[in-house]
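A.B. asks: Below you will find the structure I want to go over with you.
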Amino acid sequence: MQTAGLVLLIIVALGFDYTNGFHDAANAIATSVSTRALTPRKALALAAVFNLIGSLVSTKVADTVGGIIDAPHTTEGLTVVFAAVVGAIIWNLITWYFGLPSSSSHALIGGLCGAAIASSAHVKWHAVVQKVVIPMVLSPLVGFAIAFLLMLIVLWSFRRANPRNANVGFRMGQWVSSAAMSFGHGLQDAQKTMGVITLALVVTHHLGEFAVPTWVKLTCALAISAGTASGGWRIMRTLGRRVFKLDNSSAFVAQSVASGVLLTTAYAYAAPISTTHVITSSVMGVGATRKLSAVRWGVAGNILTAWVLTLPAAGLMAAGTFELVHLFVK
């Protein structure tokens, strides 16, 4: 029974990884597609390849996600992890349907906390605050501020440049910034699913300690890359056009800043931040340099609402899923 449950959880977790890929594909490529620096097909292929590479280079974020809760090493512990993933998937699909770039990362962490609370398992609130809540608040602010400042520097530095030559240079630069953003997305988001699957292996006694197996790394990397390759056109429209009308220079700056924040937090702090939060705030930062009215703050407000709701909403869905599943596995 437990083995069947573990296999089902792994399948569902990889399904979450896949939805993460198409849900967050826009994070890496919407800016480049909206400026026509890359065609949608080329952008998706580039994102899928660098998602795959980024997914395989580190497990620091996976270790953090796997340590958010103390799930019991019983069938109930497996139910907790299963409910967390299902709750996150439900919230992902709801926000995808409405075209809102919410955070898959925080949906998963909210799911873990909600399912753990429903089962009376211990939630490490200190770790949640230090590794999730504080980075969740700071990373978009940092992305906005740095993007704003860097965009001002670019505008000043290139004020006398030939517009055509500068435009070509920034267009080519978006190939690099898109690749860096996709690498950072893989480094951050695929590891969260790795952490969940490894946690499930620990609570079912298939692993004696928390250490991500190679096969888990590979399957999660392939799942998120496949999801990315399938695209996320609804969210891409929101991020690429409706928040701020980007040009080649502003798209390049937004992607460069966002990828820098992702890489720094993953390597230096092992913090599972949201790729969605960071790229959206960076887009808003570059837009604010032109004039405040250039940013469609109404759309940004809707996105902010989705951000705020993600942790508790995914937690409630995971708690409900736990109670439902628990009825059948008592």
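FYI, nothing fancy with the structure tokens labels: chains A, B, ... in order, residues from 1 per chain, ligands from 1 as they appear.
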Can you tell me which residues surround Thr321 (chain A) at a distance of at most 8 Å, considering only C-alpha atoms, apart from same-chain residues fewer than 6 positions away, and format the answer as a PyMOL selection string?
C.D. replies: chain A and resi 83+86-87+115
A.B. asks: Write to file, as a compact mmCIF listing (two decimals), in the first residue's frame, the residues of the selection just made, with C-alpha atoms.
C.D. replies:
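File produced: again.txt:
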```
# COMPACT_ATOMS: atom_id res chain seq x y z
CA ALA A 83 -1.70 16.54 -0.23
CA VAL A 86 -2.01 18.30 -5.02
CA GLY A 87 -2.86 21.59 -3.29
CA ALA A 115 -1.07 19.69 4.91
```
A.B. asks: Run DSSP on the backbone of this structure and report the residues of region 65-279 of chain A it assigns to alpha helix (DSSP H), as number ranges by chain.
C.D. replies: A: 65-66, 75-97, 104-119, 125-128, 134-157, 163-185, 191-203, 214-230, 233-237, 248-264, 275-279
A.B. asks: Those same residues - C-alpha atoms - I'd like them written as a compact mmCIF listing (two decimals), in the first residue's frame.
C.D. replies:
```txt
# COMPACT_ATOMS: atom_id res chain seq x y z
CA VAL A 65 12.23 22.69 0.84
CA GLY A 66 12.65 19.21 2.27
CA THR A 75 1.73 6.36 5.78
CA GLU A 76 0.32 9.59 7.21
CA GLY A 77 3.60 11.34 6.41
CA LEU A 78 3.28 10.24 2.80
CA THR A 79 -0.30 11.55 2.78
CA VAL A 80 0.95 14.92 4.01
CA VAL A 81 3.46 15.22 1.16
CA PHE A 82 0.90 14.00 -1.40
CA ALA A 83 -1.70 16.54 -0.23
CA ALA A 84 0.87 19.35 -0.38
CA VAL A 85 1.66 18.62 -4.02
CA VAL A 86 -2.01 18.30 -5.02
CA GLY A 87 -2.86 21.59 -3.29
CA ALA A 88 -0.04 23.32 -5.16
CA ILE A 89 -1.16 21.87 -8.49
CA ILE A 90 -4.74 23.06 -7.97
CA TRP A 91 -3.59 26.60 -7.22
CA ASN A 92 -1.20 26.53 -10.20
CA LEU A 93 -4.03 25.58 -12.52
CA ILE A 94 -6.38 28.23 -11.13
CA THR A 95 -3.84 31.04 -11.58
CA TRP A 96 -2.80 29.69 -14.99
CA TYR A 97 -6.45 29.74 -16.12
CA SER A 104 4.60 27.79 -8.04
CA SER A 105 7.31 27.75 -5.39
CA HIS A 106 5.19 29.37 -2.73
CA ALA A 107 2.20 27.25 -3.76
CA LEU A 108 4.25 24.16 -2.95
CA ILE A 109 5.55 25.54 0.34
CA GLY A 110 2.07 26.73 1.29
CA GLY A 111 0.82 23.24 0.46
CA LEU A 112 3.44 21.63 2.71
CA CYS A 113 2.51 23.92 5.62
CA GLY A 114 -1.25 23.47 5.13
CA ALA A 115 -1.07 19.69 4.91
CA ALA A 116 1.27 19.53 7.91
CA ILE A 117 -1.08 21.66 10.01
CA ALA A 118 -4.04 19.47 9.02
CA SER A 119 -2.14 16.37 10.16
CA TRP A 125 8.13 28.18 11.29
CA HIS A 126 11.56 29.70 11.87
CA ALA A 127 12.76 28.13 8.60
CA VAL A 128 9.57 29.28 6.84
CA ILE A 134 11.71 37.20 4.22
CA PRO A 135 13.13 36.31 0.76
CA MET A 136 9.57 36.44 -0.63
CA VAL A 137 9.28 40.06 0.51
CA LEU A 138 12.84 41.19 -0.20
CA SER A 139 13.56 39.56 -3.56
CA PRO A 140 10.91 41.51 -5.54
CA LEU A 141 11.98 44.75 -3.85
CA VAL A 142 15.62 44.07 -4.72
CA GLY A 143 14.65 43.14 -8.28
CA PHE A 144 12.62 46.34 -8.69
CA ALA A 145 15.32 48.60 -7.22
CA ILE A 146 18.27 47.14 -9.14
CA ALA A 147 16.31 47.03 -12.41
CA PHE A 148 15.29 50.66 -11.93
CA LEU A 149 18.88 51.78 -11.27
CA LEU A 150 20.44 49.65 -14.00
CA MET A 151 17.89 50.88 -16.54
CA LEU A 152 18.75 54.48 -15.66
CA ILE A 153 22.45 53.68 -16.16
CA VAL A 154 21.73 52.06 -19.55
CA LEU A 155 19.60 54.99 -20.69
CA TRP A 156 22.32 57.46 -19.68
CA SER A 157 25.20 55.42 -21.12
CA PRO A 163 19.62 53.69 -32.00
CA ARG A 164 19.77 50.99 -34.66
CA ASN A 165 23.14 49.60 -33.48
CA ALA A 166 22.13 49.74 -29.82
CA ASN A 167 18.86 47.99 -30.59
CA VAL A 168 20.67 45.17 -32.42
CA GLY A 169 23.10 44.76 -29.52
CA PHE A 170 20.35 44.54 -26.90
CA ARG A 171 18.38 42.16 -29.11
CA MET A 172 21.38 39.82 -29.24
CA GLY A 173 21.92 40.29 -25.53
CA GLN A 174 18.45 38.91 -24.88
CA TRP A 175 19.62 35.51 -26.07
CA VAL A 176 22.12 35.51 -23.21
CA SER A 177 19.75 37.00 -20.64
CA SER A 178 16.98 34.54 -21.59
CA ALA A 179 19.41 31.65 -21.19
CA ALA A 180 20.54 32.97 -17.80
CA MET A 181 16.95 33.43 -16.67
CA SER A 182 16.05 29.89 -17.76
CA PHE A 183 19.12 28.51 -15.99
CA GLY A 184 18.08 30.31 -12.79
CA HIS A 185 14.52 29.00 -13.15
CA GLN A 191 14.77 21.61 -6.99
CA LYS A 192 11.56 22.22 -5.09
CA THR A 193 10.03 19.09 -6.58
CA MET A 194 13.28 17.23 -5.91
CA GLY A 195 12.94 18.22 -2.27
CA VAL A 196 9.36 16.93 -2.07
CA ILE A 197 10.13 13.57 -3.70
CA THR A 198 13.21 13.08 -1.51
CA LEU A 199 11.14 13.92 1.59
CA ALA A 200 8.63 11.25 0.53
CA LEU A 201 11.47 8.73 0.12
CA VAL A 202 12.67 9.55 3.64
CA VAL A 203 9.25 9.22 5.33
CA THR A 214 20.58 11.12 -9.03
CA TRP A 215 17.44 9.58 -10.59
CA VAL A 216 15.30 12.17 -8.78
CA LYS A 217 17.45 15.00 -10.17
CA LEU A 218 17.17 13.67 -13.71
CA THR A 219 13.42 12.97 -13.70
CA CYS A 220 12.60 16.37 -12.17
CA ALA A 221 14.90 18.14 -14.62
CA LEU A 222 13.27 16.40 -17.58
CA ALA A 223 9.73 17.04 -16.31
CA ILE A 224 10.21 20.79 -15.85
CA SER A 225 11.97 21.06 -19.22
CA ALA A 226 9.11 19.23 -20.94
CA GLY A 227 6.63 21.58 -19.28
CA THR A 228 8.62 24.61 -20.36
CA ALA A 229 8.75 23.34 -23.93
CA SER A 230 4.95 23.09 -23.98
CA TRP A 233 0.89 31.52 -23.44
CA ARG A 234 -1.73 33.01 -21.10
CA ILE A 235 0.86 34.10 -18.53
CA MET A 236 3.28 35.13 -21.26
CA ARG A 237 0.79 37.71 -22.50
CA ASN A 248 14.96 45.39 -26.34
CA SER A 249 17.00 47.36 -23.79
CA SER A 250 14.42 47.18 -21.00
CA ALA A 251 13.78 43.47 -21.64
CA PHE A 252 17.52 42.76 -21.49
CA VAL A 253 17.90 44.67 -18.21
CA ALA A 254 14.85 43.04 -16.59
CA GLN A 255 16.02 39.53 -17.46
CA SER A 256 19.62 40.19 -16.42
CA VAL A 257 18.61 41.54 -13.02
CA ALA A 258 16.10 38.74 -12.39
CA SER A 259 18.58 36.00 -13.28
CA GLY A 260 21.20 37.59 -11.03
CA VAL A 261 18.80 37.58 -8.07
CA LEU A 262 17.83 33.94 -8.73
CA LEU A 263 21.41 32.72 -8.91
CA THR A 264 22.51 34.66 -5.82
CA THR A 275 11.06 33.33 -10.27
CA THR A 276 7.68 34.91 -11.01
CA HIS A 277 7.99 37.54 -8.29
CA VAL A 278 11.49 38.52 -9.33
CA ILE A 279 11.00 38.88 -13.08
```
A.B. asks: Given the choices A:Phe328, A:Ile68, A:Val33, A:Ala266, which gets closest to Asp189 (chain A) if the distance is worked out from only C-alpha atoms?
C.D. replies: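 Among the listed residues, A:Ala266 lies closest to Asp189 (chain A).
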A.B. asks: Hey, can you check how far CA of Ser281 (chain A) sits from CA of Leu304 (chain A)?
C.D. replies: 10.0 Å
A.B. asks: I'd like to know which of A:Gly186, A:Gly5, A:Gly67, A:Gly21 is closest to Asn51 (chain A), using only C-alpha atoms.
C.D. replies: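 For Asn51 (chain A), the nearest of the given residues is A:Gly186.
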A.B. asks: How many Å separate CA of Gln188 (chain A) from CA of Ile69 (chain A)?
C.D. replies: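 So the answer is 19.0 Å.
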A.B. asks: Please identify all polymer residues within 12 Å of Ala4 (chain A), counting only C-alpha atoms, omitting same-chain residues fewer than 3 positions from it, and present them as a list in words.
C.D. replies: Met1, Val7, Leu8, Leu9, Ile10, Ile11, Thr75, Leu78, Thr79 and Thr204 of chain A
A.B. asks: Grab the CA of Tyr267 (chain A) to CA of Trp307 (chain A) distance for me, in Å with one decimal place.
C.D. replies: 23.7 Å
A.B. asks: Which one is closest to Pro72 (chain A): A:Arg290, A:Arg36, A:His122, A:Lys131? Count only C-alpha atoms.
C.D. replies: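 For Pro72 (chain A), the nearest of the given residues is A:His122.
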A.B. asks: Given only C-alpha atoms as the basis, pick out the residue of A:Thr265, A:Val286, A:Thr64, A:Ala271 nearest to Thr31 (chain A).
C.D. replies: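 Closest to Thr31 (chain A), using only C-alpha atoms: A:Val286.
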